[in-house]
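File shown: final_14.txt. Contents: compact mmCIF, C-alpha atoms.
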```
# COMPACT_ATOMS: atom_id res chain seq x y z
CA MET A 13 0.31 11.34 3.76
CA VAL A 14 3.46 9.39 4.67
CA ALA A 15 1.56 6.08 4.55
CA GLY A 16 0.10 6.98 1.16
CA LEU A 17 3.52 7.90 -0.17
CA PHE A 18 4.84 4.55 1.02
CA GLY A 19 2.01 2.77 -0.79
CA ILE A 20 2.68 4.71 -3.99
CA SER A 21 6.37 3.80 -3.75
CA CYS A 22 5.48 0.12 -3.46
CA LEU A 23 3.16 0.39 -6.48
CA PHE A 24 5.90 2.05 -8.51
CA LEU A 25 8.46 -0.57 -7.49
CA VAL A 26 6.12 -3.43 -8.44
CA VAL A 27 5.54 -1.97 -11.90
CA TYR A 28 9.16 -0.90 -12.48
CA SER A 29 10.73 -4.14 -11.29
CA GLY A 30 8.19 -6.18 -13.26
CA LEU A 31 8.90 -4.34 -16.50
CA ALA A 32 12.63 -3.63 -16.17
CA GLY A 33 13.84 -6.56 -14.07
CA VAL A 34 14.72 -10.15 -14.90
CA GLN A 35 11.75 -12.32 -15.82
CA ASP A 36 12.42 -14.81 -13.04
CA SER A 37 9.65 -14.79 -10.45
CA ALA A 38 11.97 -16.02 -7.70
CA ARG A 39 14.43 -13.16 -8.24
CA ASN A 40 12.07 -10.30 -9.10
CA PHE A 41 10.55 -8.13 -6.35
CA SER A 42 7.13 -7.80 -7.99
CA VAL A 43 5.74 -11.35 -7.85
CA THR A 44 6.57 -12.08 -4.20
CA PHE A 45 5.32 -8.66 -3.13
CA VAL A 46 1.95 -9.00 -4.87
CA PHE A 47 1.16 -12.64 -4.10
CA VAL A 48 2.72 -12.91 -0.63
CA THR A 49 3.30 -9.57 1.13
CA PHE A 50 0.23 -7.88 -0.35
CA TRP A 51 -2.25 -10.74 -0.77
CA ILE A 52 -1.44 -12.71 2.40
CA GLY A 53 0.42 -10.30 4.68
CA ILE A 54 -1.97 -7.35 4.68
CA PRO A 55 -5.04 -9.39 5.74
CA VAL A 56 -3.11 -10.65 8.78
CA ILE A 57 -1.88 -7.14 9.61
CA SER A 58 -5.41 -5.78 9.13
CA ALA A 59 -6.91 -8.33 11.53
CA ILE A 60 -4.43 -7.18 14.19
CA PHE A 61 -4.05 -3.44 13.63
CA GLY A 62 -7.25 -2.49 11.82
CA ASN A 63 -7.85 -1.02 8.40
CA VAL A 64 -4.28 0.05 7.64
CA PHE A 65 -4.81 -0.25 3.90
CA ALA A 66 -7.18 2.71 3.93
CA TYR A 67 -4.03 4.79 4.54
CA LEU A 68 -1.55 2.66 2.57
CA SER A 69 -3.63 2.33 -0.60
CA PRO A 70 -1.64 3.90 -3.45
CA TRP A 71 -4.76 4.26 -5.57
CA ARG A 72 -6.72 6.12 -2.92
CA ALA A 73 -3.73 8.32 -2.05
CA LEU A 74 -3.12 9.27 -5.69
CA ALA A 75 -6.81 9.93 -6.33
CA GLU A 76 -7.11 12.14 -3.26
CA TRP A 77 -4.01 14.11 -4.24
CA VAL A 78 -5.43 14.67 -7.73
CA ALA A 79 -8.80 15.65 -6.25
CA ARG A 80 -7.20 18.24 -3.98
CA ALA A 81 -4.93 19.56 -6.73
CA THR A 82 -7.82 20.03 -9.16
CA GLY A 83 -10.33 21.20 -6.59
CA ARG A 84 -12.55 18.20 -7.29
CA VAL A 85 -13.03 16.88 -3.79
CA GLY A 86 -14.24 13.30 -4.13
CA LEU A 87 -13.06 13.12 -7.75
CA LYS A 88 -16.65 12.55 -8.89
CA GLY A 89 -16.38 14.10 -12.31
CA ALA A 90 -19.11 11.97 -13.88
CA GLY A 91 -21.48 12.51 -10.98
CA LEU A 92 -22.86 8.95 -11.09
CA THR A 93 -24.60 7.37 -8.11
CA TYR A 94 -23.22 3.98 -7.17
CA PRO A 95 -26.03 1.40 -7.61
CA LYS A 96 -27.04 -0.05 -4.26
CA ARG A 97 -27.69 -3.46 -5.79
CA LEU A 98 -24.10 -3.57 -7.08
CA GLY A 99 -22.79 -3.60 -3.53
CA ARG A 100 -19.50 -5.46 -3.23
CA TRP A 101 -19.99 -7.56 -6.37
CA PRO A 102 -17.25 -5.80 -8.40
CA ALA A 103 -14.79 -6.69 -5.64
CA VAL A 104 -16.01 -10.30 -5.64
CA ALA A 105 -15.44 -10.61 -9.40
CA VAL A 106 -11.89 -9.24 -9.19
CA LEU A 107 -11.00 -11.53 -6.28
CA VAL A 108 -12.15 -14.59 -8.24
CA LEU A 109 -10.04 -13.49 -11.21
CA PHE A 110 -7.06 -12.82 -8.96
CA GLY A 111 -7.41 -16.23 -7.33
CA TRP A 112 -7.61 -17.89 -10.74
CA LEU A 113 -4.51 -16.06 -11.93
CA GLU A 114 -2.52 -17.09 -8.88
CA LEU A 115 -3.63 -20.72 -8.58
CA ILE A 116 -4.37 -21.74 -12.16
CA GLY A 117 -2.88 -19.16 -14.50
CA GLY A 118 0.45 -19.51 -12.70
CA ALA A 119 0.81 -23.20 -13.59
CA GLY A 120 2.71 -24.66 -16.53
CA ILE A 121 3.79 -21.87 -18.87
CA SER A 122 3.09 -19.32 -16.19
CA LEU A 123 0.95 -16.26 -16.76
CA VAL A 124 2.38 -14.96 -13.49
CA THR A 125 5.62 -13.49 -14.81
CA PRO A 126 7.01 -10.22 -13.43
CA GLU A 127 6.08 -8.46 -16.66
CA THR A 128 2.51 -9.78 -16.55
CA VAL A 129 2.18 -8.77 -12.90
CA ALA A 130 3.33 -5.24 -13.80
CA ILE A 131 0.95 -4.97 -16.76
CA LEU A 132 -2.01 -6.28 -14.78
CA THR A 133 -1.15 -3.91 -11.94
CA LEU A 134 -1.28 -1.00 -14.39
CA ALA A 135 -4.55 -2.29 -15.83
CA TYR A 136 -6.05 -2.57 -12.35
CA THR A 137 -4.83 0.93 -11.57
CA VAL A 138 -6.71 2.28 -14.59
CA TRP A 139 -9.81 0.28 -13.59
CA THR A 140 -9.64 1.64 -10.04
CA PHE A 141 -9.19 5.25 -11.11
CA LEU A 142 -12.10 4.88 -13.52
CA GLY A 143 -14.34 3.61 -10.72
CA MET A 144 -13.24 6.42 -8.44
CA TYR A 145 -13.85 8.99 -11.15
CA LEU A 146 -17.32 7.69 -11.96
CA PHE A 147 -18.61 7.07 -8.43
CA GLY A 148 -16.28 8.87 -6.03
CA ILE A 149 -13.15 7.89 -4.14
CA ARG A 150 -14.80 6.86 -0.90
CA ILE A 151 -17.66 4.77 -2.27
CA TRP A 152 -15.48 2.93 -4.79
CA SER A 153 -12.88 2.20 -2.10
CA GLU A 154 -15.58 0.80 0.15
CA ARG A 155 -17.48 -1.20 -2.49
CA GLY A 156 -15.65 -1.68 -5.78
CA GLU A 157 -11.90 -1.61 -5.10
CA ALA A 158 -11.37 -5.33 -4.55
CA PHE A 159 -8.33 -5.28 -2.33
CA ALA A 160 -9.50 -2.39 -0.16
CA VAL A 161 -12.80 -4.24 0.35
CA TYR A 162 -11.04 -7.55 1.02
CA PHE A 163 -8.58 -6.12 3.54
CA GLU A 164 -11.27 -4.04 5.23
CA MET A 165 -13.27 -7.23 5.80
CA PHE A 166 -10.45 -8.70 7.90
CA SER A 167 -9.85 -5.40 9.68
CA ARG A 168 -13.31 -5.71 11.23
CA LEU A 169 -11.87 -8.45 13.46
CA SER A 170 -9.41 -6.00 15.01
CA SER A 171 -10.01 -4.23 18.29
CA LEU A 172 -8.38 -1.12 16.82
CA GLU A 173 -10.10 1.43 14.59
CA MET A 174 -9.62 4.99 13.42
CA ARG A 175 -12.26 7.48 14.55
CA GLY A 176 -11.93 10.85 12.89
CA GLY A 177 -8.20 10.38 12.43
CA ILE A 178 -7.69 9.21 16.03
CA LEU A 179 -6.84 5.62 16.92
CA GLY A 180 -9.48 4.05 19.14
CA VAL A 181 -10.23 0.72 20.79
CA ARG A 182 -13.48 -1.20 20.37
CA LYS A 183 -14.82 -4.40 21.92
CA PHE A 184 -13.38 -7.62 20.53
CA LEU A 185 -15.25 -8.71 17.34
CA SER A 186 -17.69 -5.79 17.62
CA GLY A 187 -16.50 -4.37 14.31
CA VAL A 188 -17.97 -7.17 12.21
CA ALA A 189 -21.59 -6.75 13.31
CA SER A 190 -22.55 -4.24 10.61
CA TRP A 191 -20.20 -5.50 7.88
CA SER A 192 -22.64 -7.66 5.91
CA THR A 193 -25.19 -4.99 4.95
CA PRO A 194 -24.07 -4.27 1.32
CA ALA A 195 -25.05 -6.69 -1.45
CA GLY A 196 -22.39 -9.26 -2.31
CA SER A 197 -20.94 -9.38 1.20
CA ALA A 198 -21.75 -13.07 1.69
CA ALA A 199 -20.21 -13.89 -1.68
CA LEU A 200 -17.04 -12.00 -0.74
CA VAL A 201 -16.32 -13.96 2.43
CA LEU A 202 -17.32 -17.26 0.81
CA VAL A 203 -14.98 -16.58 -2.12
CA ALA A 204 -12.19 -15.81 0.37
CA ILE A 205 -12.73 -19.17 2.05
CA GLY A 206 -13.22 -20.97 -1.25
CA ILE A 207 -10.00 -19.71 -2.87
CA THR A 208 -7.90 -20.78 0.11
CA THR A 209 -9.72 -24.11 0.25
CA PHE A 210 -9.02 -24.79 -3.41
CA ASP A 211 -5.37 -23.84 -3.00
CA GLY A 212 -5.01 -26.41 -0.24
CA ALA A 213 -7.09 -29.05 -2.02
CA GLN A 214 -5.31 -28.87 -5.36
CA GLU A 215 -2.05 -29.67 -3.60
CA GLY A 216 -3.54 -32.69 -1.85
CA ALA A 217 -7.10 -33.98 -1.83
CA LEU A 218 -7.95 -32.87 -5.37
CA GLN A 219 -4.55 -33.39 -6.95
CA ASP A 220 -5.34 -36.81 -8.44
CA ILE A 221 -8.85 -35.80 -9.50
CA ILE A 222 -7.58 -32.70 -11.29
CA GLY A 223 -4.95 -34.85 -12.99
CA GLU A 224 -7.59 -37.34 -14.14
CA THR A 225 -9.81 -34.54 -15.42
CA THR A 226 -6.84 -33.06 -17.29
CA SER A 227 -6.09 -36.43 -18.92
CA ALA A 228 -9.72 -36.80 -19.97
CA LEU A 229 -9.69 -33.36 -21.59
CA ILE A 230 -6.43 -34.16 -23.39
CA ASP A 231 -8.08 -37.30 -24.74
CA LEU A 232 -10.83 -35.06 -26.11
CA GLY A 233 -8.25 -33.12 -28.11
CA LEU A 234 -7.21 -30.21 -25.86
CA GLY A 235 -3.56 -29.26 -25.48
CA GLY A 236 -1.89 -30.18 -22.20
CA LEU A 237 -1.74 -26.66 -20.73
CA ALA A 238 -5.24 -25.74 -21.88
CA ALA A 239 -6.59 -29.00 -20.46
CA PHE A 240 -4.89 -28.43 -17.11
CA ARG A 241 -6.21 -24.88 -16.83
CA LEU A 242 -9.72 -25.89 -17.82
CA ALA A 243 -9.67 -28.76 -15.33
CA GLY A 244 -8.38 -26.44 -12.62
CA SER A 245 -11.02 -23.84 -13.45
CA VAL A 246 -13.81 -26.44 -13.27
CA TRP A 247 -12.66 -27.77 -9.91
CA MET A 248 -12.08 -24.30 -8.53
CA ALA A 249 -15.68 -23.45 -9.47
CA ILE A 250 -16.86 -26.68 -7.82
CA VAL A 251 -14.99 -25.85 -4.61
CA LEU A 252 -16.50 -22.35 -4.54
CA ILE A 253 -19.96 -23.85 -5.06
CA VAL A 254 -19.45 -26.48 -2.33
CA VAL A 255 -18.18 -23.91 0.18
CA SER A 256 -21.10 -21.60 -0.60
CA GLY A 257 -23.50 -24.54 -0.53
CA LEU A 258 -22.45 -25.51 2.99
CA PHE A 259 -23.32 -22.07 4.29
CA ILE A 260 -26.56 -21.81 2.32
CA LEU A 261 -27.62 -25.27 3.50
CA GLY A 262 -27.03 -24.21 7.09
CA VAL A 263 -29.04 -21.04 6.58
CA LYS A 264 -31.91 -22.97 5.00
CA GLY A 265 -31.85 -25.23 8.03
CA MET A 266 -32.12 -22.14 10.24
CA HIS A 267 -35.09 -21.02 8.19
CA THR A 268 -37.04 -24.08 9.36
CA VAL A 269 -37.00 -22.69 12.90
CA LYS A 270 -40.23 -20.93 13.81
CA GLY A 271 -40.06 -17.15 13.48
CA SER A 272 -37.13 -17.13 11.06
CA PRO A 273 -36.69 -14.28 8.56
CA PRO A 274 -36.50 -15.10 4.81
CA VAL A 275 -33.49 -17.13 3.66
CA LYS A 276 -32.07 -14.14 1.77
CA ASP A 277 -32.15 -12.02 4.92
CA LEU A 278 -30.54 -14.80 6.98
CA ILE A 279 -27.71 -15.12 4.47
CA ARG A 280 -27.02 -11.41 4.70
CA SER A 281 -27.42 -11.28 8.49
CA PHE A 282 -25.11 -14.19 9.30
CA SER A 283 -22.45 -13.92 6.59
CA HIS A 284 -20.18 -11.87 8.88
CA THR A 285 -19.85 -14.92 11.15
CA LEU A 286 -17.63 -16.52 8.48
CA ILE A 287 -14.97 -13.79 8.55
CA PRO A 288 -13.04 -15.49 11.41
CA ILE A 289 -13.19 -18.74 9.42
CA ALA A 290 -11.75 -16.97 6.36
CA LEU A 291 -8.87 -15.61 8.44
CA ALA A 292 -8.34 -19.00 10.09
CA TYR A 293 -8.07 -20.71 6.70
CA LEU A 294 -5.64 -18.03 5.50
CA VAL A 295 -3.35 -18.37 8.52
CA ALA A 296 -3.56 -22.16 8.65
CA HIS A 297 -2.70 -22.61 4.99
CA TYR A 298 -0.11 -19.87 4.48
CA PHE A 299 1.62 -19.41 7.85
CA SER A 300 4.93 -21.12 7.07
CA PHE A 301 4.88 -19.90 3.46
CA LEU A 302 4.47 -16.30 4.65
CA VAL A 303 7.26 -16.62 7.22
CA PHE A 304 9.70 -18.04 4.67
CA GLN A 305 8.85 -15.75 1.76
CA GLU A 306 8.91 -12.58 3.82
CA GLN A 307 12.52 -13.34 4.64
CA ALA A 308 13.22 -13.21 0.92
CA GLN A 309 11.03 -10.14 0.42
CA PHE A 310 12.84 -7.97 2.93
CA THR A 311 16.39 -9.16 2.27
CA TYR A 312 17.63 -10.05 -1.20
CA LEU A 313 14.49 -9.10 -3.13
CA LEU A 314 14.40 -5.65 -1.56
CA SER A 315 18.14 -5.15 -1.99
CA ASP A 316 18.06 -6.39 -5.58
CA PRO A 317 14.46 -5.76 -6.75
CA LEU A 318 15.29 -6.13 -10.45
CA GLY A 319 17.32 -9.28 -9.96
CA VAL A 320 20.32 -7.79 -11.76
CA GLY A 321 22.95 -8.13 -9.02
CA SER A 322 22.52 -4.87 -7.11
CA ASP A 323 22.74 -4.65 -3.32
CA LEU A 324 20.89 -1.52 -2.23
CA PHE A 325 20.49 -2.39 1.46
CA GLY A 326 23.17 -4.99 2.05
CA GLY A 327 20.87 -7.99 1.99
CA ALA A 328 21.48 -9.32 -1.50
CA ASP A 329 23.48 -12.30 -0.22
CA ALA A 330 20.93 -13.30 2.42
CA GLY A 331 19.00 -16.53 2.16
CA ILE A 332 15.86 -18.07 3.62
CA ASP A 333 16.25 -19.78 6.99
CA TYR A 334 13.79 -22.66 6.73
CA GLY A 335 14.58 -23.66 10.31
CA VAL A 336 13.16 -20.45 11.80
CA VAL A 337 9.86 -22.27 12.40
CA GLY A 338 9.68 -26.01 12.97
CA VAL A 339 7.07 -28.46 11.73
CA THR A 340 5.59 -28.83 15.23
CA LEU A 341 5.13 -25.07 15.65
CA VAL A 342 3.55 -24.79 12.23
CA TRP A 343 1.06 -27.54 13.10
CA TYR A 344 0.15 -25.90 16.41
CA VAL A 345 -0.40 -22.53 14.71
CA GLN A 346 -2.55 -24.14 12.01
CA VAL A 347 -4.78 -26.03 14.46
CA ALA A 348 -4.99 -23.07 16.85
CA ALA A 349 -6.06 -20.78 13.99
CA LEU A 350 -8.83 -23.14 12.89
CA VAL A 351 -10.13 -23.69 16.43
CA ALA A 352 -10.00 -19.97 17.27
CA GLY A 353 -11.80 -19.11 14.03
CA HIS A 354 -14.46 -21.69 14.79
CA ILE A 355 -15.05 -20.33 18.30
CA ALA A 356 -15.16 -16.70 17.13
CA GLY A 357 -17.61 -17.58 14.37
CA LEU A 358 -19.91 -19.34 16.83
CA ALA A 359 -19.79 -16.39 19.22
CA LEU A 360 -20.76 -14.00 16.44
CA ALA A 361 -23.54 -16.32 15.27
CA HIS A 362 -24.91 -16.61 18.82
CA ASP A 363 -25.05 -12.83 19.23
CA ARG A 364 -26.76 -12.36 15.87
CA ALA A 365 -29.30 -15.12 16.63
CA ILE A 366 -30.28 -13.44 19.91
CA ALA A 367 -30.84 -10.20 17.99
CA THR A 368 -32.77 -11.94 15.18
CA TYR A 369 -35.21 -14.16 17.08
CA SER A 370 -37.66 -12.80 19.62
CA ASP A 371 -37.83 -16.17 21.38
CA PRO A 372 -34.51 -17.16 23.03
CA GLN A 373 -35.41 -20.83 22.66
CA MET A 374 -35.85 -20.43 18.90
CA ALA A 375 -32.56 -18.54 18.72
CA PHE A 376 -30.89 -21.44 20.51
CA ARG A 377 -32.38 -24.00 18.12
CA SER A 378 -31.32 -22.01 15.06
CA GLN A 379 -27.71 -22.30 16.13
CA TYR A 380 -27.67 -26.06 15.72
CA TRP A 381 -27.52 -25.40 11.99
CA LEU A 382 -24.76 -22.78 12.19
CA LEU A 383 -22.86 -25.08 14.55
CA ALA A 384 -23.00 -27.76 11.86
CA VAL A 385 -21.67 -25.28 9.29
CA MET A 386 -18.79 -24.17 11.53
CA VAL A 387 -17.87 -27.75 12.42
CA SER A 388 -17.95 -28.65 8.72
CA PHE A 389 -15.55 -25.84 7.84
CA THR A 390 -13.26 -26.75 10.73
CA CYS A 391 -13.21 -30.44 9.80
CA LEU A 392 -12.59 -29.53 6.16
CA GLY A 393 -9.68 -27.33 7.17
CA LEU A 394 -8.17 -30.02 9.39
CA TYR A 395 -8.62 -32.61 6.65
CA LEU A 396 -6.82 -30.47 4.10
CA LEU A 397 -3.99 -29.81 6.55
CA SER A 398 -3.61 -33.47 7.45
CA TYR A 399 -3.64 -34.42 3.76
CA SER A 400 -0.99 -31.87 2.84
CA ASN A 401 1.21 -32.79 5.80
CA SER A 402 0.94 -36.56 5.25
```
Entire entry expressed as structure tokens:
Amino acid sequence: MVAGLFGISCLFLVVYSGLAGVQDSARNFSVTFVFVTFWIGIPVISAIFGNVFAYLSPWRALAEWVARATGRVGLKGAGLTYPKRLGRWPAVAVLVLFGWLELIGGAGISLVTPETVAILTLAYTVWTFLGMYLFGIRIWSERGEAFAVYFEMFSRLSSLEMRGGILGVRKFLSGVASWSTPAGSAALVLVAIGITTFDGAQEGALQDIIGETTSALIDLGLGGLAAFRLAGSVWMAIVLIVVSGLFILGVKGMHTVKGSPPVKDLIRSFSHTLIPIALAYLVAHYFSFLVFQEQAQFTYLLSDPLGVGSDLFGGADAGIDYGVVGVTLVWYVQVAALVAGHIAGLALAHDRAIATYSDPQMAFRSQYWLLAVMVSFTCLGLYLLSYSNS
């Protein structure tokens, strides 16, 4: 109950500060909270401490309170059965839109203003409550509520889990084994990797190409901002396709091994092996950014959430200490994250191959293809880091 109340308070503060505060993203609590603390911080916390968002979620907490108050346990007023084929696809769609808003919609005349963040938060709240009303709180939280699904994915890497309200310990990486059963699971983890990859690439490897594409679209008659956003959208789609293609190519290679299940089944069975890669990309790309921005979040932005000169907790005059982590430490963390993610992914793939193939020799051969996929993702991550740090 306390965790849910905290989550509701954060939701209220995001909406209130976005609507009532100054429309300066650097001075308003809402933007940093949503795109840094929420989007980047919670996945890292989840990978360490487990599925904390199941208790912090303001939407789930509010829905459960309403359900108890009205006597409608489960809040399933419409009585609809969630379609099995829908799986996690609603969450995938929202994550793509969220990624677009952050990386493309925030450029130029930014769509990511505090007011817009507040309005979109309210819109998403309505969307979430509608899903919970139609299909039930639990099933929508586990399949359709994008952020709950996204954070829960990373929580499977944790050795901690709640069992009937009691904190328990499980074997390292054992939580991911059953994660990929619902439809859309492979797309979810691939989108997670793809969004982070595009974020890194647009700042380095793809910067010139996106600029050239933008110029070409301007020559065709589009306005500068529209051309930039269209170019960014096209290249973001290309990156998502390339990232997905690498995995699918590896799976098709596995399918050539004697005794392999159908490609569709292999995609579903092995998609969980990419979760460590998704976390590795997240940490490698955002580590220093998270460290710096969280200093702002919990000092002057928290003390002056509206940006109007208040000092609620005595931190309004604080600044960001950019020397708290050095360049060398950042590089070591980035490389260590990518290597650790690679090793964890291979370990998960090895275990799944042994369970999939009756012949150990065939299982061993199948892993040549997954090894190639993992090495490709690791090399891509290192390339993007070297490009951005050059």
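Residues having any atom no farther than 9 Å from (11.5, -12.0, -15.1) (counting all atoms listed in the file) are Ser29, Gly30, Leu31, Ala32, Gly33, Val34, Gln35, Asp36, Ser37, Ala38, Arg39, Asn40, Thr125, Pro126, Glu127, Leu318 and Gly319 of chain A.
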Legend entry - Spatial neighbours of region 225-236 of chain A, 10 Å, all atoms listed in the file, chain gap at least 6 places, as a ChimeraX atom specification: /A:120,242-244,246-247
Which residues of region 272-307 of chain A come within 10 Å of region 384-398 of chain A, and for each one, what is the closest pair of atoms and their distance in Å to one decimal, counting only C-alpha atoms, sorted by chain and residue number, as CSV?
```
residue,atom,partner,partner_atom,distance
A:Thr285,CA,A:Met386,CA,9.3
A:Leu286,CA,A:Met386,CA,8.3
A:Ile289,CA,A:Phe389,CA,7.6
A:Ala290,CA,A:Phe389,CA,9.8
A:Ala292,CA,A:Gly393,CA,8.9
A:Tyr293,CA,A:Gly393,CA,6.8
A:Ala296,CA,A:Leu397,CA,7.9
A:His297,CA,A:Leu397,CA,7.5
```
Legend entry - Of the listed residues A:Ala73, A:Leu107, A:Leu23, A:Ala130, that which approaches Met144 (chain A) most closely, counting all atoms listed in the file: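 Residue with the minimum atom-to-atom distance to Met144 (chain A): A:Ala73.
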Inset, instruction - Name the closest residue to Val201 (chain A) among the candidates A:Phe184, A:Phe110, A:Trp77, A:Phe259; distances are taken between atoms, counting all atoms listed in the file. - result: A:Phe259
Inset, instruction - Extract, using all atoms listed in the file, all DNA, RNA and protein residues at most 12 Å from Glu173 (chain A), discarding same-chain residues fewer than 6 positions from it, and format them as a list in words. - result: Ser58, Ala59, Ile60, Phe61, Gly62, Asn63, Val64, Ala66, Glu164, Ser167, Leu179, Gly180, Val181, Arg182, Lys183, Phe184, Leu185, Ser186, Gly187 and Val188 of chain A
Kindly save the residues from that selection, with C-alpha atoms included, as a CSV table (one decimal), in the coordinates of the input.
```
chain,number,residue,atom,x,y,z
A,58,SER,CA,-5.4,-5.8,9.1
A,59,ALA,CA,-6.9,-8.3,11.5
A,60,ILE,CA,-4.4,-7.2,14.2
A,61,PHE,CA,-4.0,-3.4,13.6
A,62,GLY,CA,-7.2,-2.5,11.8
A,63,ASN,CA,-7.8,-1.0,8.4
A,64,VAL,CA,-4.3,0.0,7.6
A,66,ALA,CA,-7.2,2.7,3.9
A,164,GLU,CA,-11.3,-4.0,5.2
A,167,SER,CA,-9.8,-5.4,9.7
A,179,LEU,CA,-6.8,5.6,16.9
A,180,GLY,CA,-9.5,4.0,19.1
A,181,VAL,CA,-10.2,0.7,20.8
A,182,ARG,CA,-13.5,-1.2,20.4
A,183,LYS,CA,-14.8,-4.4,21.9
A,184,PHE,CA,-13.4,-7.6,20.5
A,185,LEU,CA,-15.2,-8.7,17.3
A,186,SER,CA,-17.7,-5.8,17.6
A,187,GLY,CA,-16.5,-4.4,14.3
A,188,VAL,CA,-18.0,-7.2,12.2
```
